[in-house]
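Undergrad: input.json is reproduced below (JSON, C-alpha atoms and all ligand atoms).
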[["chain", "number", "residue", "atom", "x", "y", "z"],
["A", 251, "VAL", "CA", -8.10, 3.44, -15.95],
["A", 252, "GLU", "CA", -6.78, 0.93, -13.42],
["A", 253, "LYS", "CA", -6.88, 1.84, -9.73],
["A", 254, "THR", "CA", -5.01, 0.36, -6.77],
["A", 255, "PHE", "CA", -5.01, 0.62, -3.00],
["A", 256, "LEU", "CA", -1.67, 1.64, -1.47],
["A", 257, "MET", "CA", -1.17, 2.07, 2.25],
["A", 258, "ILE", "CA", 1.84, 3.49, 4.06],
["A", 259, "LYS", "CA", 2.17, 1.32, 7.17],
["A", 260, "PRO", "CA", 2.65, 2.55, 10.78],
["A", 261, "ASP", "CA", 6.46, 2.08, 10.70],
["A", 262, "ALA", "CA", 6.86, 4.38, 7.69],
["A", 263, "VAL", "CA", 4.47, 7.01, 9.11],
["A", 264, "GLN", "CA", 6.56, 7.03, 12.30],
["A", 265, "ARG", "CA", 9.78, 7.27, 10.25],
["A", 266, "ASN", "CA", 8.56, 10.33, 8.30],
["A", 267, "LEU", "CA", 8.49, 8.50, 4.96],
["A", 268, "ILE", "CA", 5.02, 9.62, 3.77],
["A", 269, "GLY", "CA", 6.40, 12.40, 1.58],
["A", 270, "GLU", "CA", 9.22, 10.26, 0.16],
["A", 271, "ILE", "CA", 6.79, 7.50, -0.81],
["A", 272, "VAL", "CA", 4.06, 9.76, -2.22],
["A", 273, "THR", "CA", 6.73, 11.54, -4.29],
["A", 274, "ARG", "CA", 7.78, 8.27, -5.95],
["A", 275, "PHE", "CA", 4.28, 7.59, -7.25],
["A", 276, "GLU", "CA", 3.78, 11.23, -8.29],
["A", 277, "ARG", "CA", 7.05, 11.24, -10.23],
["A", 278, "LYS", "CA", 6.18, 7.98, -11.92],
["A", 279, "GLY", "CA", 3.14, 9.76, -13.37],
["A", 280, "PHE", "CA", 0.39, 8.04, -11.41],
["A", 281, "LYS", "CA", -2.55, 10.10, -10.15],
["A", 282, "LEU", "CA", -3.60, 10.31, -6.49],
["A", 283, "VAL", "CA", -7.40, 10.05, -6.30],
["A", 284, "ALA", "CA", -7.98, 9.51, -2.53],
["A", 285, "ALA", "CA", -5.96, 9.65, 0.70],
["A", 286, "LYS", "CA", -6.42, 9.74, 4.46],
["A", 287, "LEU", "CA", -4.42, 9.35, 7.64],
["A", 288, "MET", "CA", -6.30, 6.89, 9.83],
["A", 289, "THR", "CA", -5.93, 4.26, 12.53],
["A", 290, "ILE", "CA", -7.11, 0.81, 11.48],
["A", 291, "SER", "CA", -9.48, -1.01, 13.85],
["A", 292, "GLU", "CA", -8.85, -4.66, 14.69],
["A", 293, "PRO", "CA", -11.91, -5.87, 12.72],
["A", 294, "LEU", "CA", -10.81, -3.88, 9.64],
["A", 295, "ALA", "CA", -7.25, -5.26, 9.93],
["A", 296, "LYS", "CA", -8.60, -8.81, 10.07],
["A", 297, "GLN", "CA", -10.79, -8.17, 7.03],
["A", 298, "HIS", "CA", -7.94, -6.59, 5.10],
["A", 299, "TYR", "CA", -5.58, -9.49, 5.78],
["A", 300, "ALA", "CA", -8.25, -12.25, 5.81],
["A", 301, "GLU", "CA", -6.19, -14.32, 3.33],
["A", 302, "HIS", "CA", -3.50, -14.72, 6.01],
["A", 303, "GLU", "CA", -5.80, -15.78, 8.86],
["A", 304, "GLY", "CA", -4.41, -18.87, 10.59],
["A", 305, "LYS", "CA", -0.81, -18.24, 9.52],
["A", 306, "PRO", "CA", 1.82, -18.00, 12.30],
["A", 307, "PHE", "CA", 2.43, -14.28, 11.68],
["A", 308, "PHE", "CA", -1.26, -13.29, 11.50],
["A", 309, "ASN", "CA", -1.69, -11.98, 15.07],
["A", 310, "ASN", "CA", 1.54, -9.97, 14.87],
["A", 311, "LEU", "CA", 0.48, -8.58, 11.51],
["A", 312, "VAL", "CA", -2.86, -7.39, 12.93],
["A", 313, "SER", "CA", -1.26, -5.83, 16.01],
["A", 314, "PHE", "CA", 1.41, -4.10, 13.90],
["A", 315, "ILE", "CA", -1.00, -2.66, 11.35],
["A", 316, "THR", "CA", -3.28, -1.32, 14.12],
["A", 317, "SER", "CA", -0.38, 0.03, 16.23],
["A", 318, "GLY", "CA", -0.46, 3.59, 14.87],
["A", 319, "PRO", "CA", -1.79, 5.70, 12.03],
["A", 320, "VAL", "CA", -1.47, 4.54, 8.43],
["A", 321, "PHE", "CA", -1.74, 6.66, 5.29],
["A", 322, "ALA", "CA", -4.33, 5.00, 3.06],
["A", 323, "MET", "CA", -4.43, 5.98, -0.61],
["A", 324, "VAL", "CA", -6.04, 5.19, -3.93],
["A", 325, "TRP", "CA", -3.91, 5.80, -7.03],
["A", 326, "GLN", "CA", -4.69, 5.35, -10.68],
["A", 327, "GLY", "CA", -2.78, 4.84, -13.91],
["A", 328, "GLU", "CA", -2.17, 2.40, -16.72],
["A", 329, "ASN", "CA", -1.14, -1.04, -15.38],
["A", 330, "ILE", "CA", -0.74, 0.50, -11.91],
["A", 331, "ILE", "CA", -1.34, -2.72, -9.94],
["A", 332, "GLU", "CA", 1.65, -4.52, -11.44],
["A", 333, "SER", "CA", 3.82, -1.39, -11.70],
["A", 334, "SER", "CA", 3.25, -0.31, -8.10],
["A", 335, "ARG", "CA", 4.05, -3.82, -6.83],
["A", 336, "LYS", "CA", 7.34, -3.57, -8.74],
["A", 337, "MET", "CA", 8.03, -0.16, -7.23],
["A", 338, "ILE", "CA", 7.27, -1.56, -3.75],
["A", 339, "GLY", "CA", 9.54, -4.60, -4.10],
["A", 340, "LYS", "CA", 9.53, -8.03, -2.49],
["A", 341, "THR", "CA", 7.75, -8.70, 0.83],
["A", 342, "ASN", "CA", 11.07, -9.25, 2.63],
["A", 343, "PRO", "CA", 12.99, -5.95, 2.37],
["A", 344, "GLN", "CA", 16.29, -7.87, 2.41],
["A", 345, "GLU", "CA", 15.23, -9.58, -0.84],
["A", 346, "ALA", "CA", 13.75, -6.41, -2.34],
["A", 347, "GLU", "CA", 15.94, -4.85, -5.04],
["A", 348, "ALA", "CA", 17.69, -1.57, -4.35],
["A", 349, "GLY", "CA", 15.63, 1.13, -6.01],
["A", 350, "THR", "CA", 12.35, -0.29, -4.70],
["A", 351, "ILE", "CA", 10.58, 1.28, -1.72],
["A", 352, "ARG", "CA", 11.17, -1.72, 0.54],
["A", 353, "GLY", "CA", 14.70, -2.25, -0.82],
["A", 354, "ASP", "CA", 15.66, 1.34, -0.12],
["A", 355, "HIS", "CA", 13.90, 1.88, 3.19],
["A", 356, "GLY", "CA", 13.18, -1.39, 4.98],
["A", 357, "ILE", "CA", 15.06, -4.13, 6.82],
["A", 358, "VAL", "CA", 12.54, -6.62, 8.25],
["A", 359, "THR", "CA", 9.44, -8.35, 6.81],
["A", 360, "HIS", "CA", 7.20, -7.49, 9.76],
["A", 361, "ARG", "CA", 7.87, -3.75, 9.25],
["A", 362, "ASN", "CA", 7.93, -3.48, 5.48],
["A", 363, "ILE", "CA", 6.81, 0.12, 4.95],
["A", 364, "ILE", "CA", 3.92, -0.14, 2.51],
["A", 365, "HIS", "CA", 1.06, -2.29, 1.30],
["A", 366, "GLY", "CA", -0.06, -2.58, -2.31],
["A", 367, "SER", "CA", -2.96, -4.55, -3.81],
["A", 368, "ASP", "CA", -1.79, -7.63, -5.73],
["A", 369, "SER", "CA", -4.64, -8.11, -8.27],
["A", 370, "THR", "CA", -7.64, -6.31, -9.74],
["A", 371, "GLU", "CA", -9.90, -8.29, -7.39],
["A", 372, "SER", "CA", -7.92, -7.33, -4.27],
["A", 373, "ALA", "CA", -7.66, -3.70, -5.45],
["A", 374, "ASP", "CA", -11.48, -3.47, -5.80],
["A", 375, "ARG", "CA", -12.00, -5.20, -2.47],
["A", 376, "GLU", "CA", -9.46, -3.08, -0.58],
["A", 377, "ILE", "CA", -10.54, 0.26, -2.11],
["A", 378, "ASN", "CA", -14.12, -0.48, -0.99],
["A", 379, "LEU", "CA", -12.91, -1.55, 2.45],
["A", 380, "TYR", "CA", -11.21, 1.81, 3.11],
["A", 381, "PHE", "CA", -13.00, 4.41, 0.97],
["A", 382, "SER", "CA", -16.55, 5.39, 0.07],
["A", 383, "LYS", "CA", -17.36, 6.26, -3.56],
["A", 384, "GLU", "CA", -17.62, 9.97, -2.59],
["A", 385, "GLU", "CA", -14.07, 10.00, -1.24],
["A", 386, "ILE", "CA", -12.57, 9.00, -4.60],
["A", 387, "GLN", "CA", -11.83, 11.91, -6.93],
["A", 388, "ASN", "CA", -12.23, 11.80, -10.69],
["A", 389, "TYR", "CA", -10.29, 14.69, -12.23],
["A", 390, "GLU", "CA", -8.26, 15.69, -15.23],
["A", 391, "LYS", "CA", -4.75, 17.13, -15.25],
["A", 392, "ASN", "CA", -3.20, 18.77, -18.29],
["A", 393, "VAL", "CA", -0.12, 16.59, -17.79],
["A", 394, "ASP", "CA", -2.22, 13.47, -18.51],
["A", 395, "TYR", "CA", -1.60, 14.17, -22.21],
["A", 396, "TRP", "CA", 2.15, 13.64, -21.75],
["A", 397, "LEU", "CA", 1.71, 10.39, -19.87],
["A", 398, "SER", "CA", -0.38, 8.40, -22.34],
["A", 401, "LIG", "P1", 1.24, -6.53, 1.72],
["A", 401, "LIG", "O1", 1.34, -5.52, 0.64],
["A", 401, "LIG", "O2", 1.33, -5.98, 3.10],
["A", 401, "LIG", "O3", 0.02, -7.42, 1.53],
["A", 401, "LIG", "O4", 2.55, -7.43, 1.55],
["A", 401, "LIG", "P2", 2.84, -8.52, 0.46],
["A", 401, "LIG", "O5", 1.68, -8.65, -0.49],
["A", 401, "LIG", "O6", 4.17, -8.24, -0.11],
["A", 401, "LIG", "O7", 2.94, -9.83, 1.33],
["A", 401, "LIG", "P3", 1.78, -10.82, 1.84],
["A", 401, "LIG", "O8", 0.43, -10.36, 1.38],
["A", 401, "LIG", "O9", 2.20, -12.20, 1.49],
["A", 401, "LIG", "O10", 1.88, -10.67, 3.42],
["A", 401, "LIG", "C1", 1.23, -9.60, 4.07],
["A", 401, "LIG", "C2", 2.11, -9.06, 5.15],
["A", 401, "LIG", "O11", 2.29, -10.05, 6.14],
["A", 401, "LIG", "C3", 3.52, -8.71, 4.67],
["A", 401, "LIG", "O12", 3.62, -7.41, 4.18],
["A", 401, "LIG", "C4", 4.34, -8.89, 5.94],
["A", 401, "LIG", "O13", 4.31, -7.72, 6.72],
["A", 401, "LIG", "C5", 3.60, -9.98, 6.66],
["A", 401, "LIG", "N1", 4.25, -11.28, 6.40],
["A", 401, "LIG", "C6", 4.18, -12.03, 5.28],
["A", 401, "LIG", "N2", 4.91, -13.15, 5.40],
["A", 401, "LIG", "C7", 5.48, -13.07, 6.64],
["A", 401, "LIG", "C8", 6.35, -13.92, 7.36],
["A", 401, "LIG", "O14", 6.77, -14.98, 6.89],
["A", 401, "LIG", "N3", 6.70, -13.50, 8.61],
["A", 401, "LIG", "C9", 6.25, -12.32, 9.13],
["A", 401, "LIG", "N4", 6.61, -11.96, 10.36],
["A", 401, "LIG", "N5", 5.43, -11.51, 8.48],
["A", 401, "LIG", "C10", 5.05, -11.88, 7.24],
["A", 402, "MG", "MG", -0.34, -8.89, 0.10]]
Translate the structure of the given file into structure tokens.
Ligand code: GTP
Ligand code: MG
TA:
Amino acid sequence: VEKTFLMIKPDAVQRNLIGEIVTRFERKGFKLVAAKLMTISEPLAKQHYAEHEGKPFFNNLVSFITSGPVFAMVWQGENIIESSRKMIGKTNPQEAEAGTIRGDHGIVTHRNIIHGSDSTESADREINLYFSKEEIQNYEKNVDYWLS
């Protein structure tokens, strides 16, 4: 089954949105397989967002993402990478559709609530960046039958 890395950013942790966001993915039918509240170090932030190094917003992005605890998660489910990106909405919350996480809860691009991997390659890379193999659970739920 496909896995993705989702991370509730410092703004949403501060705004008490962890439960709201986790609930959306639970209700969708996706399965939580790893999670931790943690503070990202500067080197980890730079690795995570390496593709944006050199862009004008890079330094602000690194200081924002390291500014307080984040809630890092691994979720799994059929086609979860594409589906979760849809549920998250566009990068700029003002362009994100109502009904998406960013559309419903965010206002500005530099505090846009949540991160989600954008491809299978970035999901693999990001999961390994934040979690060890032992931290990722592999378990069955009876409800899986009703979701496939
Ligand atoms: P992530 O899930 O966080 O990776 O967001 P994304 O995939 O929707 O966007 P992208 O990877 O292109 O950019 C990463 C992050 O950099 C975004 O979530 C924004 O917080 C920030 N960012 C991207 N573009 C801009 C920009 O033009 N200005 C500012 N200030 N921040 C930006
Ligand atoms: Mg991205």
Undergrad: Would you mind listing what lies within 10 Å of Ser334 (chain A) as a list of chain:residue names, with all atoms listed in the file counted and same-chain residues fewer than 3 positions away left out?
TA: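 The filter keeps A:Thr254, A:Phe255, A:Leu256, A:Arg274, A:Phe275, A:Lys278, A:Phe280, A:Trp325, A:Gly327, A:Asn329, A:Ile330, A:Ile331, A:Met337, A:Ile338, A:Gly339, A:Thr350, A:Ile351, A:His365, A:Gly366, A:Ser367, A:Asp368.
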Undergrad: Leaving out Leu311 (chain A) and any residue of its chain fewer than 5 positions from it, which residues lie within 9 Å of it when counting only C-alpha atoms, given as a list in words?
TA: Ala295, Tyr299, Thr316 and His360 of chain A
Undergrad: Write to file, as a PDB file, in the coordinates of the input, the residues of the selection just made, with C-alpha atoms.
TA:
ATOM      1  CA  ALA A 295      -7.250  -5.260   9.930  1.00  0.00           C
ATOM      2  CA  TYR A 299      -5.580  -9.490   5.780  1.00  0.00           C
ATOM      3  CA  THR A 316      -3.280  -1.320  14.120  1.00  0.00           C
ATOM      4  CA  HIS A 360       7.200  -7.490   9.760  1.00  0.00           C
TER       5      HIS A 360
END
Undergrad: Would you please work out which residue, of A:Glu270, A:Asp394, A:Glu384, A:Glu345, is nearest to ligand LIG 401 (chain A) when using all atoms listed in the file?
TA: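 Looking only at the distances to ligand LIG 401 (chain A), the closest residue turns out to be A:Glu345.
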Undergrad: Return as JSON the centre and edge lengths, in Å with one decimal, of the box along x, y and z that encloses every atom of region 373-392 of chain A in the file, padded by 8 Å per side.
TA:
{"center_x": -10.4, "center_y": 6.8, "center_z": -7.6, "size_x": 30.4, "size_y": 40.0, "size_z": 37.4}
Undergrad: Skip Lys391 (chain A) itself and residues of its chain fewer than 2 positions away, then list as an MDAnalysis selection string all residues within 12 Å of it, counting only C-alpha atoms.
TA: chainID A and resid 279:283 388:389 393:397
Undergrad: Could you check the closest approach to Asn266 (chain A) for each of A:Lys253, A:Ile377, A:Ile357, A:Val320 and tell me which residue wins, using all atoms listed in the file?
TA: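 Looking at the shortest contact to Asn266 (chain A), the residue is A:Val320.
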Undergrad: Here is a test: counting only C-alpha atoms and all ligand atoms, which residue of A:Glu276, A:Glu292, A:Glu376, A:Glu328 is nearest to ligand MG 402 (chain A)?
TA: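 Using only C-alpha atoms and all ligand atoms, ligand MG 402 (chain A) sits closest to A:Glu376.
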Undergrad: What does the distance from CA of Met288 (chain A) to CA of Arg335 (chain A) come to in Å, to one decimal?
TA: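 Answer for the CA of Met288 (chain A) to CA of Arg335 (chain A) separation: 22.3 Å.
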Undergrad: Which residue out of A:Thr370, A:Asn310, A:Thr341, A:Asn392 has the minimum interatomic distance to ligand MG 402 (chain A) when all atoms listed in the file are used?
TA: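 Distance minimum relative to ligand MG 402 (chain A) lands on A:Thr341.
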Undergrad: Ranking A:Val324, A:Val251, A:Leu379, A:Met257 by minimum distance to ligand LIG 401 (chain A) and counting only C-alpha atoms and all ligand atoms, which one comes first?
TA: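 When distances to ligand LIG 401 (chain A) are compared using only C-alpha atoms and all ligand atoms, the smallest one comes from A:Met257.
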Undergrad: Need to verify the contact set: Phe314 (chain A), 10 Å, all atoms listed in the file, exclusion of same-chain residues closer than 6 positions in sequence. Can you return it as a count of residues only?
TA: 7
Undergrad: Tell me which of A:Ala300, A:Ile271, A:Ala285, A:Ala322 sits closest to ligand MG 402 (chain A), counting all atoms listed in the file.
TA: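 Comparing A:Ala300, A:Ile271, A:Ala285, A:Ala322 against ligand MG 402 (chain A), the winner is A:Ala300.
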Undergrad: I'd like the interatomic distance between atom O10 of ligand LIG 401 (chain A) and CA of Gln387 (chain A), to a tenth of an Å.
TA: 28.4 Å
